[in-house]
Amino acid sequence: MAEIDKNFMSTYQKVATHDGESEPIQIWAKDSSSYGGVGTDKLGIWGSVVAVDFDICVADGACIDACPVDVFEWIDTPKHPASDTKAIMSREPDCIVCRACEEVCPVDAILITDPGDIGSGAEPASSEQAEETEVPTEALMEAPVAIVSDDTSLFFHKPNKWLTRTKDVLNKEELPSTGIEKAKDMFKELRKQTLDSLPRGKDYLALVDNEKCIGCTQCVYFCNFASIDMISWDLMARTSQFESKKALILEDTCTGCTLCAFACPVEAITMEAKI
Amino acid sequence: MSEDSATEMITEYQDEQIVLDTVNKLEHREDHSVLEADMVKGEPLYPHELTRDAVLSMYIMALFFYLSAFVPPPLHGAADPTAGTAFPPPLPDWYLLWAFGCLKVAWDIEFTIFGYHFFLMTAKVWGTLVQGMIVGLVVAVPFIDRAIGFLIDPQYGDVVNRGHERRPIEDPVRAAIGVYGIAMVIMLSIYSINANVAIYYPEINTKVLSQVTLWGPLGCAFITYLFLDRRRSEGAKPLTDEERFALYTDGIADRRMQRIYEFKLNRCYQCGLCDDICPVRDMEGEHELNIIFNTFQNEHDGVAMWSCITCGMCTAVCPQNIEYVDYVLEQRALTTSGAMS
Amino acid sequence: MSRTKPYSRTIPHPLFERLIVEDAMKEEKEPWKPERPHEYGYFPGCVDFMDVEVKFTHLNKGDADHASIAAASIKLLNYAGIDPLILDMNVFKCSGHDQLWQGQLEVFDTLKEHNMRRLKESGIKIVTCSCAECYRTFAVDYDLPNTLGIKVEHITQTLQGRGLKFKAPEDVTVAYHDPCRLGRMMGEYEAPRDLIQLVDGAEMVELENNKERALCCGVSSMMYCNDATKAVRRKRLDQGTDAGIDIMLGGCPKCYMHMQCMLNEERMNPEEGHHHDYEMMDLMQFLVACLEEKS
């Protein structure tokens with residue numbers, strides 16, 4: 001039992017569910033006898049998209065720190081030989097498939113499966129799983145916005161009352177659509193393509209292309225390891241108060257989670273193999 | 001992740017060496033290199049142009065030596081002014097005939113004040129006055145233009161001389177004056193050789209010729225004014241640059257199809273207004289980026305072309321209405337299609 | 001590792017541009033017929049696409065909403081008694097302005113061919129755009145008046161002189177920021193100003209550089225948002241502070257987007273000390289906010 005079974009979805013069975021924050025968490029086990037429930041030493045694998053083998057988990061807590069969207073939280077599992085607490089993926093639909101937790105887990109107990117791949121497995125997709133595939137794709141769009149909005153200390157914002165008024169007026173009546181739905185779907189697809197095309201993992205390192213970087217600091221807000229810094233470059237300009245900002249990845253702490261590449265609006269961040 | 005530890009880490013890694021390493025790494029990435037198509041430089045003066053000029057001038061010198069050795073010039077005896085009246089009389093070169101005509105013309109405008117006779121239009125008065133006026137006008141042109149530019153656009157006239165050029169159809173009065181001048185030059189030239197004319201056409205005597213010289217140009221100017229004014233009221237517009245470009249190059253099949261922008265650029269007299277107003281140049285610094293000048297030199301390295309924000313301010317201030325953004329549009333299309341293949 | 005892209009370029013561009021290229025390359029050949037004939041057609045442009053892109057980034061921590069420009073334009077057209085045919089982005093595609101100016105002629109030609117065919121099928125007489133870039137592209141690059149006989153108008157020109165009345169809910173000082181495409185390239189300076197003058201309670205001031213000398217918002221065709229162009233934008237925003245305005249109004253959604261981005265970035269990083277205490281809005285949004293309540 002060195003690491004989580006990569007094919008658990010086909011070899012394991014669904015034995016039970018546990019309450020998550022919004023949706024129930026699927027619990028998998030080899031067979032119904034190898035799952036004993038919370039409080040015993042037989043816990044099986046919890047979660048589908050974010051799957052954690054609770055029999056391996058040593059409650060190191062790295063995944064809780066690493067997760068950019070706070071999927072994990074602690075759950076008490078008394079009497080388990082590996083540890084007394086486990087990291088439960090109670091906000092599993094929020095997962096943005098950055099695989100940061102996979103990388104930081106010291107015992108390799110976590111396996112992230114792309115929500116799109118679950119249905120295509122050996123097991124026929126049940127209605128419940130189809131629902132699961134829907135929600136995380138939505139989360140791909142919405143979740144990062146949710147993180148930054150928690151971070152209010154850095155941002156002083158006065159709501160634009162004029163724009164609010166505009167929206168109020170516009171909401172009162174039904175205006176014909178201008179085709180925004182199409183854009184949303186396409187954008188999700190494109191983000192997914194971008195992520196899929198990037199290699200990730202400990203052997204890779206994010207690299208910022210200074211020519212492309214527009215200094216928007218988006219990646220800094222996204223990076224969960226504080227491994228991106230905005231470096232100021234002197235700019236020979238007539239307007240002397242202006243200086244150039246570019247992102248710089250600090251190699252030692254970068255985990256290769258591709259989260260910054262995901263966040264970058266101009267695709268200035270690519271993943272390069274470590275030398 | 002506590003804030004303190006993050007700050008510590010950032011401070012630790014702000015080490016200069018790491019920054020330099022990263023920059024180095026970035027600079028050596030293949031897919032961010034400057035496109036080769038943008039690296040075309042102009043021809044250097046030394047040695048290319050100097051060598052070419054030297055060879056050409058030596059060739060011409062050789063031709064002179066050859067001609068003087070084998071084809072001796074047909075020299076006659078020296079001219080003798082006392083030998084008698086030459087007929088036809090000696091004349092200046094053709095391009096100075098009009099000035100000669102000015103001196104010869106005499107319309108005998110004569111009036112009397114208190115018993116004294118005044119000849120207004122003697123050859124001496126006419127010739128001196130008219131030639132002086134013409135030279136004076138040429139000298140005064142810039143000042144006239146500036147003064148009028150100020151009157152037209154008081155907001156910017158003192159800063160920028162916005163003397164946009166005028167097509168004849170936009171300004172019939174000025175066009176008529178111009179036509180008057182040209183017709184006058186032609187008529188004065190003919191008048192100056194009246195003796196020669198009289199040999200071949202005896203019916204055109206000096207008196208008729210002088211009257212035609214006086215009234216002919218005025219008539220031309222009047223007809224021009226009427227014609228242009230009528231065309232203007234019909235809604236005729238001056239030819240656009242594209243139309244004129246087509247007109248000039250029409251029928252020259254072998255000629256390389258120049259880009260319109262280059263054609264327009266030939267009218268640039270490098271006043272530098274575009275460069276002064278360019279907002280990008282303003283930010284990038286004086287010597288760093290001189291977008292339009294670099295383009296003019298065909299020495300842009302890709303930076304100028306892609307960092308232009310195509311705001312069109314250069315065209316707005318250009319006295320010649322050269323559209324730099326058109327050039328950017330064309331050049332970007334060329335580069336991108338070249339890079340794609 | 002090399003990623004395959006439909007075009008090759010090293011110029012920074014947002015994902016939004018990839019969306020448009022992707023959309024452009026999808027072939028749609030089926031004929032389309034509007035339900036009933038219209039005289040006016042309203043082309044919203046890619047504001048919806050922009051929204052998706054910008055909503056994702058933290059720079060939209062404010063409340064930038066580009067789709068509301070399109071909605072506001074439709075609302076105002078209805079208010080002015082015009083019933084436009086919405087040239088829906090499900091049927092139409094982006095006008096291709098950005099692709100043209102980025103040098104991607106192939107993509108532009110695809111978009112142009114598609115949109116020309118759709119415009120022909122729509123049977124409209126006048127197309128009106130709320131975006132200055134679409135306006136220029138339709139009028140100059142598509143040359144619609146000469147090719148299809150369709151008149152192209154910017155929405156300010158359509159709304160001008162229709163006896164509209166607006167009332168600002170409170171006194172406000174505004175300034176109009178001339179977009180390059182509408183101003184210098186198409187020579188329309190007065191129509192937006194006339195519209196602003198119609199708003200009761202809004203005082204219009206001119207920025208230091210206006211009309212023909214208006215400063216650019218700094219980014220064209222979504223390329224090269226770099227420090228120099230940011231400096232251009234900051235210079236423009238500073239002029240707004242100098243003029244003491246409450247709202248800066250733009251005639252082009254792109255200007256709105258770039259200015260809003262800058263304002264939000266400044267509010268995001270207050271320690272840098274750049275602050276402009278006013279809002280950027282599109283003219284259409286402002287006019288809708290100033291619509292009088294129907295009793």
# chains A, B, ... in the order shown; residues from 1 in each chain; ligands from 1
$ closest_atom_pairs --of "chain C" --to "chain B" --cutoff "10 Å" --atoms "only C-alpha atoms" --output "CSV"
residue,atom,partner,partner_atom,distance
C:Ser2,CA,B:Asp31,CA,9.7
C:Pro6,CA,B:Met340,CA,9.6
C:Tyr7,CA,B:Met340,CA,6.9
C:Ser8,CA,B:Met340,CA,6.1
C:Arg9,CA,B:Thr336,CA,7.2
C:Thr10,CA,B:His32,CA,6.1
C:Ile11,CA,B:Trp306,CA,7.7
C:Gln99,CA,B:Ala333,CA,9.6
C:Leu100,CA,B:Leu329,CA,7.4
C:Trp101,CA,B:Leu329,CA,5.8
C:Gln102,CA,B:Arg332,CA,6.4
C:Gly103,CA,B:Ala333,CA,3.7
C:Gln104,CA,B:Ala333,CA,6.0
C:Leu105,CA,B:Ala333,CA,6.1
C:Glu106,CA,B:Ser337,CA,8.5
C:Pro179,CA,B:Cys311,CA,8.5
C:Cys180,CA,B:Cys311,CA,5.3
C:Arg181,CA,B:Cys311,CA,7.6
C:Gly183,CA,B:Gly312,CA,9.5
C:Arg184,CA,B:Gly312,CA,6.5
C:Met185,CA,B:Gly312,CA,7.1
C:Glu212,CA,B:Ala316,CA,6.5
C:Arg213,CA,B:Met313,CA,6.8
C:Ala214,CA,B:Met313,CA,8.1
C:Leu215,CA,B:Pro279,CA,7.5
C:Cys216,CA,B:Cys311,CA,5.9
C:Cys217,CA,B:Cys311,CA,8.7
C:Gly218,CA,B:Ile309,CA,6.5
C:Val219,CA,B:Ile309,CA,5.9
C:Ser220,CA,B:Ile309,CA,5.1
C:Ser221,CA,B:Ile309,CA,8.2
C:Met222,CA,B:Ile309,CA,9.7
C:Met223,CA,B:Trp306,CA,8.2
C:Tyr224,CA,B:Ser307,CA,6.6
C:Cys225,CA,B:Ser307,CA,9.3
C:Asn226,CA,B:Ser307,CA,9.0
C:Asp227,CA,B:Met283,CA,8.8
C:Ala228,CA,B:Met283,CA,5.5
C:Thr229,CA,B:Val280,CA,6.7
C:Lys230,CA,B:Met283,CA,9.3
C:Ala231,CA,B:Met283,CA,6.6
C:Val232,CA,B:Pro279,CA,6.4
C:Arg233,CA,B:Pro279,CA,9.8
C:Lys235,CA,B:Pro279,CA,9.6
$ select_by_dssp --residues "range 5-150 of chain C" --states "strand (DSSP E)" --output "list in words"
Tyr40, Gly41, Tyr42, Phe43, Leu85, Ile86, Ile126, Val127, Thr128 and Cys129 of chain C
$ write_last_selection --atoms "all heavy atoms" --output "mmCIF file, in the first residue's frame"
data_model
loop_
_atom_site.group_PDB
_atom_site.id
_atom_site.type_symbol
_atom_site.label_atom_id
_atom_site.label_comp_id
_atom_site.auth_asym_id
_atom_site.auth_seq_id
_atom_site.Cartn_x
_atom_site.Cartn_y
_atom_site.Cartn_z
ATOM 1 N N TYR C 40 -33.269 48.783 -39.020
ATOM 2 C CA TYR C 40 -32.025 48.918 -38.283
ATOM 3 C C TYR C 40 -31.531 47.553 -37.826
ATOM 4 O O TYR C 40 -32.348 46.693 -37.468
ATOM 5 C CB TYR C 40 -32.229 49.795 -37.049
ATOM 6 C CG TYR C 40 -32.130 51.267 -37.329
ATOM 7 C CD1 TYR C 40 -33.240 51.992 -37.730
ATOM 8 C CD2 TYR C 40 -30.915 51.929 -37.200
ATOM 9 C CE1 TYR C 40 -33.150 53.342 -37.983
ATOM 10 C CE2 TYR C 40 -30.814 53.280 -37.454
ATOM 11 C CZ TYR C 40 -31.936 53.984 -37.847
ATOM 12 O OH TYR C 40 -31.822 55.302 -38.092
ATOM 13 N N GLY C 41 -30.230 47.381 -37.831
ATOM 14 C CA GLY C 41 -29.630 46.209 -37.216
ATOM 15 C C GLY C 41 -28.647 46.684 -36.169
ATOM 16 O O GLY C 41 -27.903 47.633 -36.407
ATOM 17 N N TYR C 42 -28.659 46.047 -35.009
ATOM 18 C CA TYR C 42 -27.688 46.417 -33.977
ATOM 19 C C TYR C 42 -26.661 45.311 -33.838
ATOM 20 O O TYR C 42 -27.012 44.146 -33.627
ATOM 21 C CB TYR C 42 -28.389 46.676 -32.642
ATOM 22 C CG TYR C 42 -27.416 46.810 -31.507
ATOM 23 C CD1 TYR C 42 -26.573 47.916 -31.432
ATOM 24 C CD2 TYR C 42 -27.284 45.822 -30.552
ATOM 25 C CE1 TYR C 42 -25.638 48.025 -30.436
ATOM 26 C CE2 TYR C 42 -26.355 45.927 -29.545
ATOM 27 C CZ TYR C 42 -25.539 47.034 -29.501
ATOM 28 O OH TYR C 42 -24.599 47.136 -28.515
ATOM 29 N N PHE C 43 -25.407 45.673 -33.974
ATOM 30 C CA PHE C 43 -24.326 44.694 -33.875
ATOM 31 C C PHE C 43 -23.638 44.851 -32.522
ATOM 32 O O PHE C 43 -22.971 45.853 -32.291
ATOM 33 C CB PHE C 43 -23.330 44.925 -35.013
ATOM 34 C CG PHE C 43 -22.260 43.877 -35.091
ATOM 35 C CD1 PHE C 43 -22.528 42.630 -35.609
ATOM 36 C CD2 PHE C 43 -20.980 44.153 -34.640
ATOM 37 C CE1 PHE C 43 -21.538 41.667 -35.681
ATOM 38 C CE2 PHE C 43 -19.991 43.192 -34.703
ATOM 39 C CZ PHE C 43 -20.283 41.953 -35.237
ATOM 40 N N LEU C 85 -32.933 44.928 -35.341
ATOM 41 C CA LEU C 85 -32.682 43.491 -35.424
ATOM 42 C C LEU C 85 -31.370 43.234 -34.696
ATOM 43 O O LEU C 85 -30.355 43.866 -34.995
ATOM 44 C CB LEU C 85 -32.562 43.070 -36.888
ATOM 45 C CG LEU C 85 -32.158 41.622 -37.147
ATOM 46 C CD1 LEU C 85 -33.255 40.692 -36.701
ATOM 47 C CD2 LEU C 85 -31.872 41.406 -38.617
ATOM 48 N N ILE C 86 -31.401 42.347 -33.708
ATOM 49 C CA ILE C 86 -30.176 42.076 -32.958
ATOM 50 C C ILE C 86 -29.329 41.121 -33.804
ATOM 51 O O ILE C 86 -29.743 39.998 -34.082
ATOM 52 C CB ILE C 86 -30.476 41.448 -31.595
ATOM 53 C CG1 ILE C 86 -31.527 42.263 -30.846
ATOM 54 C CG2 ILE C 86 -29.198 41.342 -30.774
ATOM 55 C CD1 ILE C 86 -31.137 43.676 -30.580
ATOM 56 N N ILE C 126 -29.678 49.806 -42.289
ATOM 57 C CA ILE C 126 -28.686 50.540 -41.506
ATOM 58 C C ILE C 126 -28.176 49.622 -40.408
ATOM 59 O O ILE C 126 -28.971 48.981 -39.723
ATOM 60 C CB ILE C 126 -29.298 51.809 -40.873
ATOM 61 C CG1 ILE C 126 -29.877 52.716 -41.957
ATOM 62 C CG2 ILE C 126 -28.269 52.559 -40.056
ATOM 63 C CD1 ILE C 126 -30.710 53.827 -41.415
ATOM 64 N N VAL C 127 -26.865 49.542 -40.269
ATOM 65 C CA VAL C 127 -26.312 48.770 -39.152
ATOM 66 C C VAL C 127 -25.688 49.758 -38.183
ATOM 67 O O VAL C 127 -24.997 50.685 -38.580
ATOM 68 C CB VAL C 127 -25.305 47.700 -39.633
ATOM 69 C CG1 VAL C 127 -24.139 48.299 -40.367
ATOM 70 C CG2 VAL C 127 -24.798 46.879 -38.472
ATOM 71 N N THR C 128 -26.011 49.581 -36.909
ATOM 72 C CA THR C 128 -25.476 50.489 -35.904
ATOM 73 C C THR C 128 -24.687 49.687 -34.875
ATOM 74 O O THR C 128 -25.069 48.584 -34.524
ATOM 75 C CB THR C 128 -26.607 51.308 -35.244
ATOM 76 O OG1 THR C 128 -26.059 52.105 -34.233
ATOM 77 C CG2 THR C 128 -27.676 50.423 -34.674
ATOM 78 N N CYS C 129 -23.548 50.228 -34.476
ATOM 79 C CA CYS C 129 -22.666 49.517 -33.549
ATOM 80 C C CYS C 129 -22.412 50.386 -32.333
ATOM 81 O O CYS C 129 -22.275 51.600 -32.457
ATOM 82 C CB CYS C 129 -21.311 49.216 -34.175
ATOM 83 S SG CYS C 129 -21.373 48.763 -35.876
#
$ interface_residues --of "chain C" --to "chain A" --cutoff "6 Å" --atoms "only C-alpha atoms" --output "list in words"
Pro12, His13, Pro14, Asp48, Phe49, Asp88, Met89, Asn90, Cys225, Asn226, Asp227, Arg267, Met268, Gln285, Val288 and Ala289 of chain C
$ residues_around --residues "range 181-197 of chain B" --least-positions-apart "3" --cutoff "7 Å" --atoms "only C-alpha atoms" --output "list of chain:residue names"
B:Pro88, B:Leu97, B:Trp98, B:Phe100, B:Gly101, B:Cys102, B:Lys104, B:Ile177, B:Gly178, B:Tyr200, B:Tyr201, B:Thr206, B:Leu209, B:Ser210, B:Thr213, B:Pro217
$ write_last_selection --atoms "N, CA and C atoms" --output "mmCIF file, in the first residue's frame"
data_model
loop_
_atom_site.group_PDB
_atom_site.id
_atom_site.type_symbol
_atom_site.label_atom_id
_atom_site.label_comp_id
_atom_site.auth_asym_id
_atom_site.auth_seq_id
_atom_site.Cartn_x
_atom_site.Cartn_y
_atom_site.Cartn_z
ATOM 1 N N PRO B 88 18.974 86.772 -87.016
ATOM 2 C CA PRO B 88 18.211 87.281 -85.881
ATOM 3 C C PRO B 88 19.105 87.648 -84.700
ATOM 4 N N LEU B 97 13.866 83.339 -71.272
ATOM 5 C CA LEU B 97 13.202 84.212 -72.244
ATOM 6 C C LEU B 97 12.134 85.080 -71.594
ATOM 7 N N TRP B 98 11.436 84.524 -70.580
ATOM 8 C CA TRP B 98 10.339 85.292 -69.978
ATOM 9 C C TRP B 98 10.861 86.556 -69.294
ATOM 10 N N PHE B 100 13.617 88.088 -70.160
ATOM 11 C CA PHE B 100 13.983 88.949 -71.275
ATOM 12 C C PHE B 100 12.745 89.679 -71.791
ATOM 13 N N GLY B 101 11.634 88.926 -71.854
ATOM 14 C CA GLY B 101 10.362 89.498 -72.296
ATOM 15 C C GLY B 101 9.910 90.618 -71.386
ATOM 16 N N CYS B 102 10.116 90.405 -70.069
ATOM 17 C CA CYS B 102 9.734 91.452 -69.122
ATOM 18 C C CYS B 102 10.424 92.761 -69.450
ATOM 19 N N LYS B 104 11.585 93.711 -72.341
ATOM 20 C CA LYS B 104 11.242 94.255 -73.645
ATOM 21 C C LYS B 104 9.837 94.840 -73.709
ATOM 22 N N ILE B 177 -4.751 82.185 -59.906
ATOM 23 C CA ILE B 177 -3.543 83.023 -59.852
ATOM 24 C C ILE B 177 -2.353 82.246 -60.406
ATOM 25 N N GLY B 178 -2.271 80.976 -60.035
ATOM 26 C CA GLY B 178 -1.179 80.150 -60.538
ATOM 27 C C GLY B 178 -1.212 80.027 -62.044
ATOM 28 N N TYR B 200 8.570 84.506 -89.511
ATOM 29 C CA TYR B 200 7.762 83.400 -90.025
ATOM 30 C C TYR B 200 6.283 83.774 -90.150
ATOM 31 N N TYR B 201 5.789 84.597 -89.193
ATOM 32 C CA TYR B 201 4.379 84.979 -89.244
ATOM 33 C C TYR B 201 4.292 86.504 -89.312
ATOM 34 N N THR B 206 4.150 93.273 -83.518
ATOM 35 C CA THR B 206 4.478 93.475 -82.104
ATOM 36 C C THR B 206 3.290 94.007 -81.318
ATOM 37 N N LEU B 209 0.879 91.224 -80.473
ATOM 38 C CA LEU B 209 1.512 90.333 -79.501
ATOM 39 C C LEU B 209 1.492 90.942 -78.099
ATOM 40 N N SER B 210 1.718 92.238 -78.042
ATOM 41 C CA SER B 210 1.738 92.878 -76.723
ATOM 42 C C SER B 210 0.353 92.862 -76.101
ATOM 43 N N THR B 213 -0.283 89.400 -74.852
ATOM 44 C CA THR B 213 0.487 89.179 -73.627
ATOM 45 C C THR B 213 -0.192 89.834 -72.434
ATOM 46 N N PRO B 217 -3.185 85.959 -70.485
ATOM 47 C CA PRO B 217 -3.113 85.295 -69.181
ATOM 48 C C PRO B 217 -4.308 85.606 -68.299
#
$ select_by_dssp --residues "range 14-242 of chain C" --states "alpha helix (DSSP H)" --output "PyMOL selection string"
chain C and resi 15-25+47-56+67-79+97-102+105-122+132-136+144-147+155-159+190-197+227-242
$ residues_around --residues "Glu21 in chain A" --least-positions-apart "6" --cutoff "9 Å" --atoms "only C-alpha atoms" --output "VMD selection string"
chain A and resid 90 to 92
$ write_last_selection --atoms "N, CA and C atoms" --output "tab-separated table (two decimals), in the first residue's frame"
chain	number	residue	atom	x	y	z
A	90	SER	N	-14.41	18.02	1.29
A	90	SER	CA	-15.82	18.37	1.44
A	90	SER	C	-16.30	19.33	0.37
A	91	ARG	N	-15.39	20.08	-0.24
A	91	ARG	CA	-15.82	20.98	-1.34
A	91	ARG	C	-15.26	20.47	-2.67
A	92	GLU	N	-15.48	19.21	-2.88
A	92	GLU	CA	-14.93	18.56	-4.08
A	92	GLU	C	-15.32	19.25	-5.39
$ atom_distance --atom1 "CA of Ser73 in chain C" --atom2 "CA of Met284 in chain C"
5.9 Å
$ atom_distance --atom1 "CA of Gln131 in chain B" --atom2 "CA of Leu96 in chain B"
11.7 Å
$ atom_distance --atom1 "CA of Ala24 in chain C" --atom2 "CA of His38 in chain C"
25.8 Å
$ closest_residue --among "B:Cys220, B:Ile204, B:Ile322, B:Leu137" --to "Val179 in chain B" --atoms "only C-alpha atoms"
B:Cys220
$ closest_residue --among "A:Ser232, A:Asp65, A:Ala247, A:Ser83" --to "chain B" --atoms "only C-alpha atoms"
A:Asp65
